[in-house]
>>> print(open('protein-v7.txt').read())   # compact mmCIF, C-alpha atoms
# COMPACT_ATOMS: atom_id res chain seq x y z
CA MET A 1 -60.64 290.09 30.40
CA ILE A 2 -58.45 287.77 32.56
CA ALA A 3 -56.64 289.43 35.45
CA ILE A 4 -53.05 288.23 35.96
CA LYS A 5 -51.52 288.60 39.39
CA LEU A 6 -47.80 289.37 39.29
CA LYS A 7 -45.38 288.60 42.12
CA HIS A 8 -44.29 291.59 44.19
CA VAL A 9 -46.79 293.97 42.53
CA GLN A 10 -49.21 295.68 44.90
CA ARG A 11 -52.30 297.61 43.89
CA HIS A 12 -53.09 300.60 46.08
CA LYS A 13 -56.11 302.89 45.88
CA GLY A 14 -55.41 306.33 47.32
CA ARG A 15 -57.73 308.79 49.01
CA ASP A 16 -58.13 310.59 45.74
CA GLY A 17 -59.63 307.40 44.30
CA LYS A 18 -56.71 306.89 41.92
CA VAL A 19 -55.23 303.39 41.68
CA ARG A 20 -51.44 303.13 41.83
CA TYR A 21 -49.11 300.16 41.47
CA TYR A 22 -45.92 299.47 43.41
CA PHE A 23 -43.15 296.91 43.26
CA ARG A 24 -42.41 295.57 46.75
CA LYS A 25 -39.99 292.74 47.44
CA PRO A 26 -38.14 292.08 50.72
CA GLY A 27 -34.56 293.25 50.51
CA LEU A 28 -35.18 295.58 47.55
CA PRO A 29 -36.28 299.23 47.48
CA ARG A 30 -39.94 299.94 46.74
CA LYS A 31 -40.55 301.20 43.20
CA LYS A 32 -43.59 302.97 41.74
CA LEU A 33 -44.79 301.26 38.56
CA PRO A 34 -46.82 302.58 35.61
CA ASP A 35 -50.35 301.33 35.12
CA PRO A 36 -50.31 297.76 33.74
CA ASP A 37 -52.16 298.99 30.66
CA GLU A 38 -49.38 301.45 29.84
CA SER A 39 -46.61 300.46 27.40
CA GLY A 40 -43.79 301.04 29.88
CA PHE A 41 -45.13 298.76 32.60
CA TRP A 42 -43.26 295.57 31.70
CA GLU A 43 -39.95 297.35 31.23
CA ALA A 44 -40.33 299.04 34.64
CA TYR A 45 -41.40 295.78 36.29
CA HIS A 46 -38.37 293.81 35.00
CA ALA A 47 -36.02 296.67 35.93
CA ALA A 48 -37.38 296.64 39.49
CA LEU A 49 -37.19 292.85 39.67
CA HIS A 50 -33.51 292.78 38.64
CA GLN A 51 -32.30 295.91 40.36
CA ILE A 52 -28.91 295.68 42.05
CA VAL A 53 -28.77 296.92 45.60
CA GLU A 54 -25.50 298.39 46.81
CA ILE A 55 -24.53 296.71 50.06
CA LYS A 56 -23.07 299.26 52.41
CA PRO A 57 -20.05 297.98 54.29
CA GLU A 58 -20.50 297.49 58.00
CA ARG A 59 -18.96 300.20 60.13
CA TYR A 60 -17.07 299.04 63.17
CA ALA A 61 -16.49 300.95 66.39
CA ASN A 62 -13.29 303.00 66.45
CA GLY A 63 -10.36 301.33 68.15
CA THR A 64 -11.53 297.77 67.57
CA LEU A 65 -9.59 295.10 65.73
CA ALA A 66 -12.28 294.99 63.04
CA ALA A 67 -11.94 298.74 62.44
CA LEU A 68 -8.14 298.41 62.36
CA ALA A 69 -8.43 295.76 59.63
CA ASP A 70 -10.63 298.09 57.55
CA ASP A 71 -8.19 300.95 57.99
CA TRP A 72 -5.17 298.82 57.04
CA MET A 73 -6.91 297.76 53.82
CA ARG A 74 -6.95 301.43 52.80
CA THR A 75 -3.21 301.95 53.31
CA PRO A 76 -0.67 302.19 50.46
CA ALA A 77 1.04 299.05 51.83
CA PHE A 78 -2.12 297.05 51.15
CA LEU A 79 -3.12 298.76 47.91
CA GLN A 80 0.34 298.16 46.41
CA LEU A 81 0.03 294.39 46.85
CA GLY A 82 -0.78 292.25 43.83
CA PRO A 83 -4.49 291.80 42.96
CA ALA A 84 -4.50 288.14 43.95
CA THR A 85 -2.85 288.88 47.32
CA ARG A 86 -5.27 291.72 48.05
CA LYS A 87 -8.21 289.48 47.26
CA ASN A 88 -6.90 286.72 49.51
CA TYR A 89 -6.08 289.08 52.40
CA THR A 90 -9.50 290.72 52.12
CA ARG A 91 -11.18 287.31 52.33
CA LEU A 92 -9.13 286.29 55.37
CA LEU A 93 -9.58 289.62 57.16
CA SER A 94 -13.33 289.51 56.53
CA GLY A 95 -13.37 286.16 58.32
CA ILE A 96 -11.40 287.62 61.23
CA GLN A 97 -13.84 290.55 61.47
CA LYS A 98 -16.66 288.06 62.10
CA GLU A 99 -14.89 286.59 65.14
CA ASP A 100 -15.95 287.66 68.61
CA PHE A 101 -12.53 289.08 69.46
CA ALA A 102 -12.66 291.47 66.49
CA LEU A 103 -14.93 293.81 68.44
CA HIS A 104 -12.41 294.23 71.27
CA GLN A 105 -10.27 297.36 71.60
CA ILE A 106 -6.77 296.83 70.16
CA ASP A 107 -5.00 298.41 73.14
CA LEU A 108 -6.26 295.51 75.27
CA PHE A 109 -4.59 292.83 73.13
CA GLU A 110 -1.57 291.00 74.57
CA ALA A 111 0.60 288.18 73.26
CA GLN A 112 -1.40 285.61 75.21
CA HIS A 113 -4.57 286.68 73.42
CA ILE A 114 -2.93 286.45 70.00
CA ARG A 115 -1.77 282.91 70.79
CA ARG A 116 -5.29 281.88 71.77
CA PHE A 117 -6.89 283.39 68.67
CA VAL A 118 -4.28 281.75 66.42
CA ALA A 119 -4.81 278.45 68.23
CA ARG A 120 -8.45 278.44 67.16
CA LYS A 121 -7.10 277.31 63.77
CA ALA A 122 -4.71 274.75 65.26
CA ASP A 123 -6.35 271.88 63.35
CA THR A 124 -5.17 273.59 60.15
CA PRO A 125 -1.68 274.94 60.98
CA ALA A 126 -1.24 276.68 57.62
CA ALA A 127 -4.47 278.64 58.15
CA ALA A 128 -3.38 279.48 61.70
CA ASN A 129 -0.08 280.85 60.41
CA HIS A 130 -1.91 282.90 57.78
CA ARG A 131 -3.98 284.41 60.58
CA LEU A 132 -0.81 285.20 62.57
CA ARG A 133 0.74 286.85 59.53
CA LEU A 134 -2.28 289.12 59.15
CA PHE A 135 -2.22 289.94 62.85
CA ARG A 136 1.43 290.98 62.46
CA LEU A 137 0.63 293.20 59.49
CA ILE A 138 -2.28 295.08 61.01
CA PHE A 139 -0.73 295.48 64.46
CA ALA A 140 2.52 296.74 62.90
CA PHE A 141 0.39 299.36 61.16
CA ALA A 142 -1.27 300.22 64.49
CA VAL A 143 2.14 300.81 66.09
CA GLU A 144 3.40 302.92 63.18
CA ASP A 145 0.20 304.94 63.23
CA GLY A 146 0.54 305.63 66.96
CA ARG A 147 -2.61 303.76 67.96
CA ILE A 148 -0.80 301.39 70.33
CA LYS A 149 2.65 301.52 71.93
CA SER A 150 3.74 297.92 71.47
CA ASP A 151 2.99 295.05 69.08
CA PRO A 152 1.16 292.17 70.84
CA THR A 153 2.27 289.73 68.14
CA ALA A 154 5.95 290.12 69.10
CA GLY A 155 7.32 286.80 70.31
CA VAL A 156 4.32 284.77 69.13
CA LYS A 157 5.64 281.74 67.28
CA ARG A 158 4.22 280.16 64.16
CA LEU A 159 2.59 276.76 64.47
CA LYS A 160 4.54 273.84 63.10
CA GLU A 161 3.10 272.71 59.78
CA LYS A 162 3.08 268.99 59.07
CA GLY A 163 3.34 269.23 55.31
CA GLU A 164 5.74 271.10 53.07
CA GLY A 165 3.16 272.24 50.57
CA ALA A 166 3.36 271.20 46.94
CA LYS A 167 5.83 268.41 46.27
CA SER A 168 8.96 269.40 44.38
CA TRP A 169 9.55 267.45 41.17
CA THR A 170 12.53 265.09 41.08
CA GLU A 171 14.79 264.78 38.04
CA ASP A 172 13.32 261.34 37.33
CA GLU A 173 9.77 262.75 37.34
CA ILE A 174 10.77 265.58 35.00
CA ALA A 175 12.37 263.06 32.63
CA ARG A 176 9.26 260.84 32.64
CA PHE A 177 7.04 263.79 31.79
CA GLU A 178 9.37 264.77 28.92
CA ASP A 179 9.42 261.19 27.65
CA ARG A 180 5.62 261.22 27.44
CA TRP A 181 5.26 264.68 25.90
CA PRO A 182 7.66 265.46 23.03
CA THR A 183 9.02 268.83 22.01
CA GLY A 184 6.38 270.89 20.23
CA SER A 185 3.47 269.65 22.34
CA THR A 186 1.52 271.97 24.65
CA PRO A 187 2.29 269.90 27.78
CA ARG A 188 6.04 270.05 27.02
CA LEU A 189 5.82 273.82 26.48
CA ALA A 190 3.97 274.19 29.79
CA LEU A 191 6.64 272.21 31.63
CA ALA A 192 9.43 274.28 30.08
CA LEU A 193 7.77 277.59 30.95
CA LEU A 194 7.26 276.52 34.56
CA LEU A 195 10.65 274.90 35.05
CA TYR A 196 12.88 277.41 33.24
CA THR A 197 11.22 280.60 34.48
CA GLY A 198 10.44 279.48 38.04
CA GLN A 199 7.12 281.33 38.01
CA ARG A 200 3.68 280.55 39.39
CA ARG A 201 0.95 279.17 37.15
CA SER A 202 -0.91 282.51 37.37
CA ASP A 203 2.09 284.14 35.68
CA VAL A 204 2.85 281.36 33.18
CA VAL A 205 -0.65 281.39 31.65
CA LYS A 206 -0.23 285.10 30.85
CA MET A 207 3.16 284.83 29.12
CA ARG A 208 3.13 286.02 25.49
CA PRO A 209 5.58 286.04 22.58
CA GLN A 210 5.60 289.84 22.87
CA ASP A 211 7.06 289.50 26.37
CA VAL A 212 10.39 288.23 25.02
CA VAL A 213 12.82 291.05 24.29
CA ASP A 214 16.59 290.70 23.76
CA GLY A 215 16.60 287.14 25.02
CA MET A 216 14.75 288.02 28.25
CA MET A 217 11.22 287.11 29.35
CA SER A 218 9.48 290.11 30.94
CA VAL A 219 7.12 289.03 33.72
CA GLN A 220 4.98 291.10 36.07
CA GLN A 221 3.96 288.71 38.81
CA VAL A 222 0.24 288.55 39.50
CA LYS A 223 0.66 287.83 43.21
CA THR A 224 3.27 290.45 44.09
CA GLY A 225 3.18 292.93 41.21
CA THR A 226 6.98 292.56 40.93
CA ARG A 227 8.49 293.09 37.46
CA LEU A 228 11.13 290.50 36.53
CA PHE A 229 13.39 290.00 33.52
CA ILE A 230 14.36 286.34 33.15
CA PRO A 231 16.99 285.11 30.65
CA ILE A 232 15.61 282.53 28.23
CA HIS A 233 17.14 279.12 28.97
CA PRO A 234 18.34 277.27 25.80
CA LEU A 235 15.91 274.39 26.39
CA LEU A 236 13.02 276.84 26.85
CA ALA A 237 14.07 278.62 23.64
CA ILE A 238 13.60 275.34 21.73
CA GLU A 239 9.99 275.07 22.92
CA LEU A 240 9.20 278.75 22.31
CA ALA A 241 10.50 278.52 18.75
CA SER A 242 7.51 276.35 17.77
CA VAL A 243 4.98 278.99 18.87
CA PRO A 244 3.79 281.55 16.26
CA GLU A 245 4.58 285.15 17.23
CA SER A 246 0.99 286.08 16.41
CA ARG A 247 -0.40 283.91 19.21
CA GLY A 248 -1.97 285.80 22.11
CA THR A 249 -0.43 283.67 24.88
CA TYR A 250 2.05 280.81 24.71
CA LEU A 251 -0.39 278.42 26.37
CA GLU A 252 -3.86 278.08 24.86
CA THR A 253 -6.81 275.78 25.33
CA ALA A 254 -8.17 273.51 22.60
CA PHE A 255 -10.42 276.45 21.67
CA SER A 256 -7.44 278.81 21.15
CA LYS A 257 -8.26 280.72 24.33
CA PRO A 258 -5.88 281.58 27.19
CA PHE A 259 -6.00 279.26 30.20
CA SER A 260 -7.28 280.51 33.52
CA PRO A 261 -4.87 279.62 36.38
CA ASP A 262 -7.31 277.06 37.83
CA GLY A 263 -8.23 275.67 34.42
CA PHE A 264 -4.55 275.24 33.63
CA ALA A 265 -3.96 273.38 36.92
CA ILE A 266 -6.76 270.94 36.09
CA ARG A 267 -5.44 270.34 32.58
CA PHE A 268 -1.86 269.97 33.84
CA ALA A 269 -2.98 267.30 36.32
CA LYS A 270 -4.43 265.33 33.38
CA TRP A 271 -1.16 265.63 31.47
CA CYS A 272 0.68 264.31 34.52
CA SER A 273 -1.78 261.43 34.85
CA GLU A 274 -1.20 260.46 31.21
CA ALA A 275 2.52 260.40 31.99
CA ARG A 276 1.73 258.12 34.97
CA LEU A 277 2.74 260.79 37.45
CA GLU A 278 0.54 261.43 40.45
CA GLY A 279 0.63 263.94 43.30
CA LEU A 280 2.49 266.57 41.26
CA SER A 281 1.50 270.13 40.42
CA PRO A 282 2.71 273.19 38.48
CA HIS A 283 3.93 274.76 41.74
CA GLY A 284 6.18 271.76 42.29
CA LEU A 285 8.11 272.78 39.16
CA ARG A 286 8.68 276.24 40.67
CA LYS A 287 10.23 274.43 43.65
CA ALA A 288 12.26 272.22 41.31
CA ALA A 289 13.60 275.32 39.54
CA ALA A 290 14.73 276.77 42.89
CA ARG A 291 16.22 273.41 43.87
CA ARG A 292 18.20 273.17 40.64
CA MET A 293 19.63 276.66 41.15
CA ALA A 294 20.56 275.83 44.74
CA GLU A 295 22.28 272.62 43.66
CA ALA A 296 24.20 274.60 41.04
CA GLY A 297 25.57 276.79 43.85
CA CYS A 298 23.41 279.88 43.30
CA THR A 299 23.04 282.20 46.27
CA ALA A 300 19.65 282.93 47.83
CA HIS A 301 19.79 286.41 46.27
CA GLN A 302 20.42 284.95 42.81
CA ILE A 303 17.55 282.50 43.19
CA ALA A 304 15.21 285.27 44.36
CA SER A 305 16.11 287.31 41.28
CA ILE A 306 14.46 284.58 39.21
CA THR A 307 11.60 283.45 41.45
CA GLY A 308 10.70 286.96 42.61
CA HIS A 309 10.54 286.07 46.31
CA ARG A 310 10.73 289.19 48.46
CA THR A 311 12.38 287.60 51.48
CA LEU A 312 15.29 285.18 51.68
CA ALA A 313 13.37 283.12 54.26
CA GLU A 314 10.87 282.16 51.55
CA VAL A 315 13.67 281.10 49.20
CA GLN A 316 15.30 279.03 51.94
CA ARG A 317 12.12 276.97 52.30
CA TYR A 318 12.60 275.82 48.70
CA THR A 319 16.34 275.24 48.92
CA LEU A 320 16.66 273.72 52.40
CA ALA A 321 17.08 270.16 51.17
CA ALA A 322 19.55 271.13 48.45
CA ASP A 323 21.62 273.21 50.87
CA GLN A 324 21.67 270.40 53.42
CA LYS A 325 22.87 267.92 50.83
CA ARG A 326 25.58 270.27 49.53
CA LEU A 327 26.81 271.20 53.01
CA ALA A 328 26.86 267.55 54.09
CA GLU A 329 28.97 266.63 51.05
CA GLU A 330 31.37 269.51 51.76
CA ALA A 331 31.61 268.53 55.43
CA MET A 332 32.31 264.90 54.63
CA ALA A 333 34.87 265.89 51.99
CA LYS A 334 36.76 267.95 54.56
CA ILE A 335 37.16 265.05 56.99
CA GLY A 336 37.51 262.42 54.30
CA SER A 337 41.07 263.42 53.48
CA THR A 338 42.26 263.30 57.11
CA THR A 339 43.58 260.29 58.95
CA SER A 340 40.81 258.08 60.20
CA PHE A 341 39.93 258.86 63.79
CA THR A 342 39.52 255.16 64.39
CA THR A 343 42.92 254.31 62.92
CA ARG A 344 44.74 257.21 64.58
CA ASN A 345 43.31 256.63 68.04
CA ARG A 346 43.12 252.85 67.93
CA PHE A 347 43.97 251.17 71.23
CA THR A 348 47.14 249.11 70.91
CA LYS A 349 47.79 246.41 73.42
CA PRO A 350 51.30 246.77 74.87
CA GLU A 351 53.74 243.95 74.16
CA ASP A 352 54.61 241.54 76.96
>>> encode(input="protein-v7.txt", output="structure tokens")
Amino acid sequence: MIAIKLKHVQRHKGRDGKVRYYFRKPGLPRKKLPDPDESGFWEAYHAALHQIVEIKPERYANGTLAALADDWMRTPAFLQLGPATRKNYTRLLSGIQKEDFALHQIDLFEAQHIRRFVARKADTPAAANHRLRLFRLIFAFAVEDGRIKSDPTAGVKRLKEKGEGAKSWTEDEIARFEDRWPTGSTPRLALALLLYTGQRRSDVVKMRPQDVVDGMMSVQQVKTGTRLFIPIHPLLAIELASVPESRGTYLETAFSKPFSPDGFAIRFAKWCSEARLEGLSPHGLRKAAARRMAEAGCTAHQIASITGHRTLAEVQRYTLAADQKRLAEEAMAKIGSTTSFTTRNRFTKPED
């Protein structure tokens, strides 16, 4: 009979003379196995080999920044955030908890320390500002909970970001995309959903025919959890009319499956490339939607009712250029009807 040696199986002969077998692998609990000649040996061996070990979260000392981050992630304020936001904040806070300063007591933090810790990400200003935002959230919680008397993030300024994020689509770029993709095509439907609802790609890929009631599209945003009711624009209605009501989601892959947000972004980039458009993204159409509303004279509150932004400051980032253009035109119109300053104040040489 040929003896086969299995990985992680140890043979042990006890004082009683009986031979026993154990599964032992670094990082996994030890398991007693049946005798190899018994029928249940292989099932027990494979179960031990593929066992899942629960990783216990690290416990941080009370009063430290790391412990504060853990506590904040158990608050209603955190738990009521959208799933995507919670996942992103958890990832970012986990990174902060690995920093050396995370083990310091929170009552020792001052504004100068916050500036230094934010500056560690200065080469990526957007990441630095994300870190500052999280500092503000957890220290605000510490103040409200009576753990510290004052917020050390007060007065700390955001870093200036070089870029403006995703590029907003121009009217010419929208027209070129529409020229390439006719009504009834999936790319044209995707453009219409993005442009005439002003939503993120994570929301657009989940939109269904069942979500349209009384001429309104019902949307629960993935990022924020906010429920919105958006009137169906006439041009969007034309594209939706070609979609069977039995379809699961408006946008489907070639295999009749819903897109994932990332999969949709990749496919959308290919549609743009075929239309000879580069450097554009689905999020740029969300900006274009906000820009169009701003140019039409909508207030920040009206725009936010469509886009779902929670603060007017976020809306103003999208509409800054449109507002500047409108205000400049109004300003020039006001002085355009008056007598020219040059003509009115022109120096006239006195007659001899």
>>> residues_around(input="protein-v7.txt", residues="stretch 227-238 of chain A", least_positions_apart="5", cutoff="7 Å", atoms="only C-alpha atoms", output="MDAnalysis selection string")
chainID A and resid 192:193 196:197 215:221 306
>>> residues_around(input="protein-v7.txt", residues="A:Ala290", least_positions_apart="4", cutoff="9 Å", atoms="all atoms listed in the file", output="count of residues only")
12
>>> atom_distance(input="protein-v7.txt", atom1="atom CA of A:Ala66", atom2="atom CA of A:Leu103")
6.1 Å
>>> closest_residue(input="protein-v7.txt", among="A:Lys223, A:Arg180, A:His12, A:Lys334", to="A:Cys272", atoms="all atoms listed in the file")
A:Arg180
>>> atom_distance(input="protein-v7.txt", atom1="atom CA of A:Cys298", atom2="atom CA of A:Asp323")
10.2 Å
>>> atom_distance(input="protein-v7.txt", atom1="atom CA of A:Leu65", atom2="atom CA of A:Ile106")
5.5 Å
>>> closest_residue(input="protein-v7.txt", among="A:Met73, A:Ala313, A:Ile148, A:Ala333", to="A:Leu108", atoms="all atoms listed in the file")
A:Ile148
>>> residues_around(input="protein-v7.txt", residues="A:Val222", least_positions_apart="3", cutoff="8 Å", atoms="only C-alpha atoms", output="ChimeraX atom specification")
/A:82-84,202-203,225-226
>>> write_last_selection(input="protein-v7.txt", atoms="C-alpha atoms", output="PDB file, keeping the file's coordinate frame")
ATOM      1  CA  GLY A  82      -0.780 292.250  43.830  1.00  0.00           C
ATOM      2  CA  PRO A  83      -4.490 291.800  42.960  1.00  0.00           C
ATOM      3  CA  ALA A  84      -4.500 288.140  43.950  1.00  0.00           C
ATOM      4  CA  SER A 202      -0.910 282.510  37.370  1.00  0.00           C
ATOM      5  CA  ASP A 203       2.090 284.140  35.680  1.00  0.00           C
ATOM      6  CA  GLY A 225       3.180 292.930  41.210  1.00  0.00           C
ATOM      7  CA  THR A 226       6.980 292.560  40.930  1.00  0.00           C
TER       8      THR A 226
END
>>> residues_around(input="protein-v7.txt", residues="A:Ala140", least_positions_apart="3", cutoff="9 Å", atoms="only C-alpha atoms", output="list in words")
Phe135, Arg136, Leu137, Val143, Glu144, Asp145, Ser150, Asp151 and Thr153 of chain A
>>> closest_residue(input="protein-v7.txt", among="A:Glu252, A:Glu43, A:Glu274, A:Asp71", to="A:Asp179", atoms="only C-alpha atoms")
A:Glu274
